[in-house]
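J.: Contents of coords_12.tsv (TSV, C-alpha atoms):
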chain	number	residue	atom	x	y	z
A	439	ASN	CA	-14.36	11.58	-2.65
A	440	THR	CA	-12.22	14.24	-0.96
A	441	SER	CA	-9.51	11.73	0.02
A	442	LEU	CA	-8.43	11.54	-3.63
A	443	LYS	CA	-6.95	15.04	-3.31
A	444	SER	CA	-4.45	13.77	-0.77
A	445	LYS	CA	-3.92	10.32	-2.26
A	446	ARG	CA	-2.54	11.81	-5.48
A	447	PHE	CA	0.55	12.92	-3.57
A	448	LYS	CA	1.85	9.37	-3.20
A	449	THR	CA	2.35	9.35	-6.96
A	450	PHE	CA	5.09	11.98	-6.41
A	451	ILE	CA	7.10	9.61	-4.21
A	452	ILE	CA	10.15	9.59	-6.51
A	453	ASP	CA	10.24	13.40	-6.40
A	454	TYR	CA	10.03	13.43	-2.60
A	455	ILE	CA	12.95	11.03	-2.32
A	456	ALA	CA	15.01	13.27	-4.61
A	457	MET	CA	14.58	16.19	-2.17
A	458	ASP	CA	16.78	14.51	0.46
A	459	THR	CA	20.41	13.86	-0.53
A	460	ARG	CA	20.69	11.26	2.25
A	461	LEU	CA	18.47	9.05	0.09
A	462	ASP	CA	20.53	9.35	-3.09
A	463	SER	CA	21.60	5.70	-2.84
A	464	VAL	CA	18.02	4.41	-2.42
A	465	ASP	CA	16.91	2.58	-5.58
A	466	LEU	CA	13.78	0.76	-4.35
A	467	ILE	CA	10.97	2.46	-2.45
A	468	TYR	CA	8.31	0.64	-0.42
A	469	TYR	CA	5.21	2.79	0.04
A	470	LEU	CA	2.92	1.91	2.99
A	471	ASP	CA	-0.35	3.57	3.98
A	472	ILE	CA	-0.49	4.96	7.51
A	473	ASP	CA	-2.77	2.11	8.68
A	474	ILE	CA	-0.29	-0.70	7.94
A	475	LEU	CA	1.60	-2.46	10.74
A	476	ALA	CA	4.84	-4.39	10.44
A	477	GLY	CA	3.87	-7.76	11.86
A	478	ASN	CA	7.13	-9.61	11.27
A	479	ALA	CA	10.70	-9.21	10.03
A	480	MET	CA	10.67	-6.88	7.03
A	481	GLY	CA	13.80	-8.43	5.59
A	482	ASP	CA	11.82	-11.55	4.67
A	483	LEU	CA	9.37	-9.37	2.73
A	484	PHE	CA	12.05	-7.35	0.96
A	485	HIS	CA	14.17	-10.30	-0.13
A	486	GLY	CA	11.18	-12.52	-0.89
A	487	VAL	CA	9.37	-10.23	-3.33
A	488	GLU	CA	12.52	-8.71	-4.82
A	489	ASP	CA	13.81	-12.14	-5.82
A	490	LYS	CA	10.47	-13.63	-6.88
A	491	TYR	CA	9.37	-10.71	-9.06
A	492	GLU	CA	12.84	-9.64	-10.23
A	493	ILE	CA	12.40	-6.12	-8.94
A	494	SER	CA	15.20	-4.05	-10.43
A	495	ARG	CA	17.48	-1.26	-9.27
A	496	GLU	CA	18.50	-0.50	-12.85
A	497	GLU	CA	16.84	1.10	-15.87
A	498	ARG	CA	14.99	-1.31	-18.14
A	499	SER	CA	15.47	-1.70	-21.86
A	500	GLY	CA	13.06	0.30	-23.99
A	501	GLY	CA	12.18	2.58	-21.08
A	502	LEU	CA	9.69	0.09	-19.61
A	503	SER	CA	8.11	1.34	-16.38
A	504	LYS	CA	6.98	-0.98	-13.56
A	505	LEU	CA	5.07	-0.81	-10.28
A	506	TYR	CA	4.37	-3.74	-7.95
A	507	PHE	CA	1.18	-4.23	-5.93
A	508	PHE	CA	-0.39	-6.81	-3.66
A	509	GLN	CA	-3.96	-7.93	-4.28
A	510	PRO	CA	-7.07	-6.64	-2.45
A	511	LEU	CA	-9.71	-8.83	-0.83
A	512	SER	CA	-12.37	-7.59	-3.22
A	513	LYS	CA	-12.33	-8.94	-6.77
A	514	GLU	CA	-13.66	-5.58	-7.91
A	515	TRP	CA	-10.09	-4.31	-8.18
A	516	PRO	CA	-7.01	-6.14	-9.48
A	517	LEU	CA	-4.54	-4.10	-7.39
A	518	GLN	CA	-4.42	-2.84	-3.81
A	519	GLY	CA	-3.14	0.75	-3.64
A	520	GLY	CA	-2.27	0.87	0.07
A	521	THR	CA	1.21	-0.55	-0.41
A	522	PHE	CA	3.36	-0.73	-3.50
A	523	ILE	CA	6.98	-0.99	-4.59
A	524	VAL	CA	8.62	1.67	-6.72
A	525	GLU	CA	11.70	1.21	-8.86
A	526	ARG	CA	13.32	4.62	-8.63
A	527	LYS	CA	14.82	4.43	-12.12
A	528	THR	CA	11.78	3.06	-13.96
A	529	SER	CA	8.46	3.67	-12.18
A	530	ARG	CA	7.84	7.34	-13.00
A	531	HIS	CA	5.69	6.72	-16.11
A	532	CYS	CA	3.33	4.35	-14.24
A	533	LEU	CA	3.04	6.82	-11.36
A	534	GLU	CA	2.19	9.64	-13.77
A	535	LEU	CA	-0.53	7.53	-15.39
A	536	TRP	CA	-2.00	6.84	-11.96
A	537	ARG	CA	-1.90	10.54	-11.06
A	538	LYS	CA	-3.80	11.46	-14.23
A	539	GLU	CA	-6.49	8.92	-13.33
A	540	ILE	CA	-6.80	10.29	-9.80
A	541	ASP	CA	-6.98	13.87	-11.04
A	542	ALA	CA	-9.72	12.97	-13.53
A	543	MET	CA	-11.79	11.29	-10.80
A	544	THR	CA	-11.25	14.24	-8.46
A	545	ILE	CA	-12.78	16.56	-11.05
A	546	LYS	CA	-15.77	14.22	-11.42
A	547	GLY	CA	-16.12	14.05	-7.65
A	548	ARG	CA	-16.26	10.27	-7.38
A	549	GLY	CA	-14.03	7.20	-7.45
A	550	ARG	CA	-11.12	5.68	-5.55
A	551	ASP	CA	-7.41	5.53	-6.25
A	552	GLN	CA	-7.84	1.81	-6.87
A	553	ASP	CA	-10.34	2.61	-9.63
A	554	GLY	CA	-7.55	4.48	-11.36
A	555	LEU	CA	-5.23	1.50	-11.01
A	556	ARG	CA	-7.90	-0.75	-12.47
A	557	ASN	CA	-8.32	1.54	-15.48
A	558	ILE	CA	-4.59	1.46	-16.20
A	559	TYR	CA	-4.34	-2.29	-15.57
A	560	GLU	CA	-7.15	-2.93	-18.06
A	561	ARG	CA	-5.41	-0.77	-20.68
A	562	ILE	CA	-2.22	-2.75	-20.12
A	563	GLN	CA	-4.08	-6.05	-20.50
A	564	SER	CA	-5.75	-4.89	-23.71
A	565	GLY	CA	-2.48	-3.65	-25.22
A	566	ASP	CA	-3.49	0.02	-25.25
A	567	GLU	CA	-0.69	0.81	-22.76
A	568	SER	CA	2.70	-0.73	-23.52
A	569	GLN	CA	5.21	1.34	-21.54
A	570	CYS	CA	3.84	0.54	-18.08
A	571	GLN	CA	3.52	-2.81	-16.33
A	572	MET	CA	1.65	-3.17	-13.06
A	573	ILE	CA	2.65	-6.43	-11.40
A	574	ARG	CA	0.18	-8.32	-9.18
A	575	MET	CA	2.13	-9.93	-6.35
A	576	ALA	CA	0.68	-12.88	-4.45
A	577	ASN	CA	-0.22	-11.86	-0.90
A	578	GLU	CA	1.02	-15.15	0.62
A	579	ASN	CA	2.11	-14.36	4.20
A	580	TYR	CA	3.54	-11.01	3.14
A	581	ILE	CA	0.34	-9.05	3.84
A	582	ASN	CA	-3.03	-9.63	5.45
A	583	PHE	CA	-6.22	-7.57	5.63
A	584	PRO	CA	-8.06	-8.29	8.92
A	585	THR	CA	-11.82	-8.78	8.66
A	586	PRO	CA	-14.32	-9.81	11.36
A	587	ARG	CA	-14.31	-13.33	9.85
A	588	THR	CA	-10.51	-13.75	9.88
A	589	PHE	CA	-9.52	-11.64	12.86
A	590	VAL	CA	-9.78	-14.29	15.59
A	591	LYS	CA	-7.65	-16.72	13.58
A	592	MET	CA	-5.03	-13.99	13.02
A	593	THR	CA	-4.77	-13.26	16.74
A	594	GLN	CA	-4.07	-16.94	17.40
A	595	GLN	CA	-1.30	-17.31	14.83
A	596	SER	CA	2.19	-17.85	16.20
A	597	VAL	CA	3.68	-16.17	13.10
A	598	GLN	CA	2.16	-12.93	11.87
A	599	PRO	CA	2.26	-11.61	8.28
A	600	ASN	CA	5.03	-9.16	7.41
A	601	LEU	CA	2.42	-6.46	6.81
A	602	ILE	CA	-1.00	-6.07	8.44
A	603	HIS	CA	-3.34	-3.59	6.76
A	604	ILE	CA	-5.96	-2.65	9.35
A	605	SER	CA	-8.37	-0.72	7.14
A	606	ASN	CA	-10.88	0.94	9.45
A	607	SER	CA	-12.54	2.63	6.50
A	608	VAL	CA	-13.57	-0.77	5.10
A	609	PHE	CA	-13.40	-4.27	6.62
A	610	ALA	CA	-11.76	-3.61	9.99
A	611	LYS	CA	-14.35	-1.02	11.02
A	612	TRP	CA	-16.54	-3.94	12.13
A	613	ILE	CA	-13.85	-5.16	14.56
A	614	GLY	CA	-14.23	-3.62	18.03
A	615	ASP	CA	-11.73	-1.04	19.24
A	616	GLU	CA	-10.76	-3.08	22.29
A	617	LYS	CA	-10.03	-6.16	20.20
A	618	GLN	CA	-8.01	-4.14	17.71
A	619	ASN	CA	-5.98	-2.47	20.44
A	620	GLU	CA	-5.22	-5.75	22.18
A	621	TYR	CA	-4.00	-7.21	18.89
A	622	ILE	CA	-1.94	-4.12	18.00
A	623	HIS	CA	-0.30	-4.12	21.43
A	624	ASP	CA	0.57	-7.79	21.03
A	625	VAL	CA	2.01	-7.39	17.52
A	626	LEU	CA	4.11	-4.39	18.60
A	627	LEU	CA	5.37	-6.30	21.67
A	628	LEU	CA	4.55	-3.36	23.92
A	629	SER	CA	5.43	-3.26	27.59
A	630	GLU	CA	2.76	-2.64	30.21
A	631	GLU	CA	4.08	0.89	30.63
A	632	GLU	CA	3.75	1.58	26.90
A	633	ILE	CA	0.23	0.15	26.83
A	634	LYS	CA	-0.88	2.26	29.79
A	635	SER	CA	0.54	5.38	28.14
A	636	GLY	CA	-2.35	5.27	25.66
A	637	LYS	CA	-0.05	6.26	22.80
A	638	TYR	CA	-0.51	3.05	20.86
A	639	GLY	CA	-3.64	1.51	19.35
A	640	LYS	CA	-6.51	2.21	17.00
A	641	VAL	CA	-6.66	5.88	16.07
A	642	ILE	CA	-9.07	7.52	13.65
A	643	VAL	CA	-7.67	10.63	11.99
A	644	ASN	CA	-10.34	13.00	10.71
A	645	ALA	CA	-8.81	15.19	8.02
A	646	LYS	CA	-9.91	18.80	7.94
A	647	LEU	CA	-11.22	20.27	4.70
A	648	SER	CA	-8.48	22.89	4.99
A	649	ASP	CA	-5.90	20.09	4.75
A	650	MET	CA	-7.31	18.81	1.45
Step by step, read the file and then write its structure as C-alpha cells.
T.:
Amino acid sequence: NTSLKSKRFKTFIIDYIAMDTRLDSVDLIYYLDIDILAGNAMGDLFHGVEDKYEISREERSGGLSKLYFFQPLSKEWPLQGGTFIVERKTSRHCLELWRKEIDAMTIKGRGRDQDGLRNIYERIQSGDESQCQMIRMANENYINFPTPRTFVKMTQQSVQPNLIHISNSVFAKWIGDEKQNEYIHDVLLLSEEEIKSGKYGKVIVNAKLSDM
C-alpha cells in the first residue's frame, strides 16, 4: 500500500506546527483528511467534543499521552484515522507509536493506517500500553460518511453534520459524480458563477510514484 508512505507524515503534525511561530499559541490541533468537508459551524464541533471528552491544553500527570478519534463505519477498526484531535502538549507519544506501526506495515508492503491504530488500541485495552490513550468519540452529528444507502437522506437534511467525509476510495466511490457535485455545491453554498467555474466538486488526485 503505497499511500502509507505519505500517511505517516500526519504523525509529525506537532513538529510541523512548531515550524511556524505564528502558531505558538495553538494548543489543540484538528487534523482533517483532504476529502473532508465542513458541513456546518465548526464552533459547535470544537466546543462540543472539547467539553464532552475533556480535551486538554495542558500537560497531564504522569506524562499520559492522548489522541481523539471518531469511529469508522466498519466494525473492523475501532478508530477512524481521517480526522483526529491532537493535544500539543501530550499527544507526541501516541503519534510516535502510530508512526512505528505505519513504518512496519510499509516495510511489509501491506496494511492501512487504521490497522496501525487498531494494533495500538488493542495493546491499550490489554494493558500492554499504559502511556497512551486513544479516545473513541461518538460520531453523533459531528461527522458523517456518505454511502449509497445514506446519501439521499443526507441531501434532504436541513441541518448537515459538522464534518462530511466523502471517501471516494471506499464507500462514496459508488455515488455518481454528478450527485456528489450537486451535494458539494449545496453544502458549500456556491453561487452560480462559482459552480460554472468548475473549480469546486469531486476531484480524484492520482499521486505520482515520484511523490511517494
J.: Tell me which of A:Gly549, A:Pro586, A:Gly614, A:Gly554 sits closest to Glu534 in chain A, counting all atoms listed in the file.
T.: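 Looking only at the distances to Glu534 in chain A, the closest residue turns out to be A:Gly554.
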J.: Using 12 Å as the limit and counting only C-alpha atoms, can you tabulate each residue of range 583-608 of chain A that touches range 509-532 of chain A, with its shortest atom-to-atom distance in Å and the two atoms involved, as a Markdown table?
T.:
| residue | atom | partner | partner_atom | distance |
| --- | --- | --- | --- | --- |
| A:Phe583 | CA | A:Leu511 | CA | 7.4 |
| A:Pro584 | CA | A:Leu511 | CA | 9.9 |
| A:Thr585 | CA | A:Leu511 | CA | 9.7 |
| A:Thr588 | CA | A:Leu511 | CA | 11.8 |
| A:Leu601 | CA | A:Thr521 | CA | 9.4 |
| A:Ile602 | CA | A:Thr521 | CA | 10.7 |
| A:His603 | CA | A:Gly520 | CA | 8.1 |
| A:Ile604 | CA | A:Gly520 | CA | 10.6 |
| A:Ser605 | CA | A:Gly520 | CA | 9.5 |
| A:Val608 | CA | A:Leu511 | CA | 10.7 |
J.: Smallest atom-to-atom distance to Leu626 in chain A: which of A:Met575, A:Leu502, A:Leu461, A:Ala476, using all atoms listed in the file?
T.: A:Ala476
J.: Go ahead and compute the interatomic distance for CA of Met592 in chain A and CA of Tyr638 in chain A, in Å to one decimal.
T.: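 It comes out at 19.3 Å.
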J.: Can you measure CA of Leu535 in chain A to CA of Asp465 in chain A for me? One decimal in Å is fine.
T.: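 Rounded to one decimal, the two atoms are 20.6 Å apart.
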J.: From the set A:Asn600, A:Glu616, A:Trp536, A:Tyr469, which residue has the shortest atom-to-atom contact distance to Tyr454 in chain A, counting only C-alpha atoms?
T.: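 Using only C-alpha atoms, the shortest distance to Tyr454 in chain A belongs to A:Tyr469.
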J.: Would you mind telling me which residue in A:Val590, A:Gly477, A:Leu442, A:Glu539 lies nearest to Val625 in chain A when using all atoms listed in the file?
T.: A:Gly477
